[in-house]
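Here is the structure we will look at, set down as structure tokens.
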Amino acid sequence: MLKSSRREAMGLALATPSFLFLLIFFIVPTLLLFVCSFWLAQSFRLIPAFTFDNYTRALSAGGFYALTWNALKNGLCTAVLTVGLSFPAAYFIVYRTRGNLLFYLILVSWFSSYLVRIYAWRVILGSNGLINTTLMQLGLISEPLEVLLFSPFATILTLTHIMLPFGLLLLVSALRDVKTDYIEAARDLGASQIEVLTKVILPMCYKGVVGAFMFTFVISAGDFVTPQLLGGRDGMTTGILIANQFRTAGNWPFGAAMAFLMLAAFLIVYLAFVRLLDLLRLAPGRRFHD
Amino acid sequence: MLRFYVWLYVAFLYAPIAVITLFSFHSSPSLTFPFEGVSLRWYEKIFSDTTFMTSLQNSLIVGASTALVTTVLGSLTALGLARLKGRIQTFFGLLAFGPVALPGLFLGIALVMLFSQMGLQRSLLTVTIAHVLFTLPFFIEAVRSRIEYFDLSLEEAARDLGATPMQAFRLVTLPIIGPTIGGAAILSFALSFDEFIITVFVSGNDTTLPLTIWSMMRRAVSPDINAASVISLGLSIGVILIGGLLVWYQRRTALNARARDTQA
């Protein structure tokens, strides 16, 4: 008894430095940003106040909805593609390979710098880029395809490329918890391959799939660099708008209010996604009640 | 079928990197085929560029400081979490994961707001603070699963046999969790080295490597960006590979030693 309470006290003492760090540089700034979203800005100076003006201003501008929709669309498409494309690869790594070489090969590409990958896609997709010049040399097209670059397509393609390795990591660690015994048992009891997937594997790695989807969604919907560099005029997102408030235009409280509205939109997507999985009976706890 | 798909997946991941690497050695400024010849001119150009070299140095400094601070904070936290139970552990686990559950943009603007209210000038220090915040969750997550397997009673046995807390840590705990901590420290360095989204808000006059590549990209498409990109890629991938090999090697020697001991 004495030993265990001494152990806990020691645990608390060890965790205290990080707790203080997170308190000062994570909790306080988040609260400060929230408080500031009710302030006003006048010629680059912050004026403490309590007003909903920033929120009403954002919500009454038609453009805000369009840009938020663009951000959500980038996030949803990227998340669907990332999870959809990575799941078969994760399945292969967990159940069909022995060593970890392939897994590590994929993970290493996660460290091929974010900006460099955006730049690489610009080189490949541009009107003088690799795809267009090759297609023109082959005589398949006479004019460069302008839609390749500076379009939501370019943004989503690049974001998917960036998110794939991390999505795979989360899915692999989720699938490792689904032991082959369960799968073999289901097969022995007469389940088809599809049934094994939808009734055994997916419900058992539910948390990992939701985690991979949401993580990819939040990062890519909130990303402002990729749409700014590759998205073109139609690819403008709330993220770019918020970043601009803090970098050039300078209305911080307005930017803060938009950031919290963006988070609220993310939360709605999360709840909708969980509800959807529930309705599709892929969530755990549902499958026993059929 | 599935095997073919997975190789296609890997090819898709590496193709853009391969293209950039290939053209960084191109003797002409053109970024299209046919390939005209091999040269190192873009590397010569970038290595004599003082802005690039300074930012590379800054990135190395920030990366090393971030790795150091994150390792100290993260290891203490992971060791602490292993001793905690129930609600406190859950709460702290969630809190420590928080910074990566939010978009980088959000962290960037929240921190810039804090620094301006604190009157803290933006510099490499503020960049390092931001990077520690960003890498800490990854560090804790990477180390935690290993520490959860670690049997605390080993440490207590050492204490009962008369070891001081420091001795118990140095002689018992560290040899077991050391390789994992080393690997996670390298992970923190690599994450910091590539971080851009938060850095863009919290950096002052001293720029880091991704910021320099960003401003090169915004100016014009000049082929020396290829060389700069390849250097940046090579460094972060190289560090990760070295880290991975070190962890693997240490685990293997530890396993061999254990096998030898049990045989004897």
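Chain labels A, B, ... are given in the sequence in which chains occur in the structure tokens; within each chain residues are numbered consecutively from 1, and ligands are likewise numbered from 1 in the order shown.
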
Contact check, region 139-167 of chain B to region 90-105 of chain B, at most 10 Å, counting only C-alpha atoms, closest pairs as JSON lines:
```
{"residue": "B:Phe139", "atom": "CA", "partner": "B:Ala96", "partner_atom": "CA", "distance": 9.9}
{"residue": "B:Ile140", "atom": "CA", "partner": "B:Ala96", "partner_atom": "CA", "distance": 7.7}
{"residue": "B:Glu141", "atom": "CA", "partner": "B:Phe97", "partner_atom": "CA", "distance": 8.0}
{"residue": "B:Arg144", "atom": "CA", "partner": "B:Gly93", "partner_atom": "CA", "distance": 9.9}
```

Next, write the just-selected residues to a file, as a compact mmCIF listing (two decimals), in the first residue's frame, keeping C-alpha atoms as the atom set.
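File written: again06.txt
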```
# COMPACT_ATOMS: atom_id res chain seq x y z
CA PHE B 139 7.98 11.06 -28.52
CA ILE B 140 5.69 9.98 -25.68
CA GLU B 141 3.63 7.80 -28.01
CA ARG B 144 5.15 4.63 -24.05
```

- Query: Taking only C-alpha atoms into account, what are the residues of chain A at most 8 Å from chain B, put as number ranges by chain?
  - Reply: A: 7-8, 10-19, 22, 25-26, 28-30, 32-33, 85, 88-89, 92, 105-106, 108-109, 111-117, 119-121, 123-124, 128-130, 133-134, 161, 215, 218-219, 222-225, 239, 243, 246-247, 256, 259

Find the residues near Val94 (chain A): any atom within 12 Å, counting only C-alpha atoms, skip ones fewer than 5 places away on the same chain, and give them as a PDB file with C-alpha atoms, in the first residue's frame.
```
ATOM      1  CA  PHE A  87      -5.859  -0.252 -45.839  1.00  0.00           C
ATOM      2  CA  PRO A  88      -5.007  -2.940 -48.438  1.00  0.00           C
ATOM      3  CA  ALA A  89      -1.299  -2.141 -48.035  1.00  0.00           C
ATOM      4  CA  GLY A  99       9.740  -9.093 -41.986  1.00  0.00           C
ATOM      5  CA  ASN A 100       9.221  -5.406 -41.473  1.00  0.00           C
ATOM      6  CA  LEU A 101      11.300  -4.209 -44.418  1.00  0.00           C
ATOM      7  CA  LEU A 102       8.364  -3.130 -46.576  1.00  0.00           C
ATOM      8  CA  PHE A 103       6.745  -1.387 -43.609  1.00  0.00           C
ATOM      9  CA  LEU A 168      -0.569   3.367 -42.997  1.00  0.00           C
ATOM     10  CA  LEU A 169       1.293   3.478 -39.677  1.00  0.00           C
ATOM     11  CA  LEU A 171      -3.744   1.217 -39.709  1.00  0.00           C
ATOM     12  CA  VAL A 172      -0.884  -1.264 -39.323  1.00  0.00           C
ATOM     13  CA  SER A 173      -0.781  -0.803 -35.563  1.00  0.00           C
ATOM     14  CA  ALA A 174      -4.578  -1.239 -35.436  1.00  0.00           C
ATOM     15  CA  LEU A 175      -4.494  -4.392 -37.573  1.00  0.00           C
ATOM     16  CA  ARG A 176      -1.714  -5.917 -35.479  1.00  0.00           C
ATOM     17  CA  ASP A 177      -4.274  -6.198 -32.658  1.00  0.00           C
ATOM     18  CA  VAL A 178      -6.552  -8.350 -34.822  1.00  0.00           C
ATOM     19  CA  LYS A 179      -4.879 -11.728 -34.410  1.00  0.00           C
ATOM     20  CA  THR A 180      -4.999 -14.217 -37.266  1.00  0.00           C
TER      21      THR A 180
END
```

- Extract the full set of helix (DSSP H, G or I) residues from region 18-141 of chain B according to DSSP on the backbone, and format it as a PyMOL selection string. chain B and resi 18-24+41-47+50-83+86-101+104-118+124-141

- Item | Selection near Gly243 (chain B), 9 Å with only C-alpha atoms, sequence-local residues under 4 positions removed, as an MDAnalysis selection string | chainID B and resid 182:187 238:239 247:248

Go ahead and dump the residues you just picked, C-alpha atoms, as a PDB file, in the first residue's frame.
```pdb
ATOM      1  CA  GLY B 182      17.458   7.093 -28.529  1.00  0.00           C
ATOM      2  CA  GLY B 183      15.220   6.165 -31.440  1.00  0.00           C
ATOM      3  CA  ALA B 184      12.494   8.551 -30.270  1.00  0.00           C
ATOM      4  CA  ALA B 185      15.048  11.365 -29.849  1.00  0.00           C
ATOM      5  CA  ILE B 186      16.080  10.918 -33.480  1.00  0.00           C
ATOM      6  CA  LEU B 187      12.435  10.902 -34.502  1.00  0.00           C
ATOM      7  CA  GLY B 238      19.614   9.781 -43.468  1.00  0.00           C
ATOM      8  CA  VAL B 239      19.078  10.666 -39.807  1.00  0.00           C
ATOM      9  CA  VAL B 247      18.053   0.895 -32.394  1.00  0.00           C
ATOM     10  CA  TRP B 248      18.059  -2.349 -34.384  1.00  0.00           C
TER      11      TRP B 248
END
```

Can you write out as a tab-separated table which residues of region 95-206 of chain B fall within 8 Å of region 47-62 of chain B, alongside each residue's closest atom pair and its distance in Å to one decimal, counting only C-alpha atoms and ordering rows by chain and ascending residue number?
```
residue	atom	partner	partner_atom	distance
B:Leu124	CA	B:Val62	CA	6.8
B:Val127	CA	B:Val62	CA	7.4
B:Thr128	CA	B:Val62	CA	5.7
B:Ser192	CA	B:Val62	CA	7.4
B:Phe193	CA	B:Ser59	CA	5.9
B:Asp206	CA	B:Ser55	CA	7.4
```
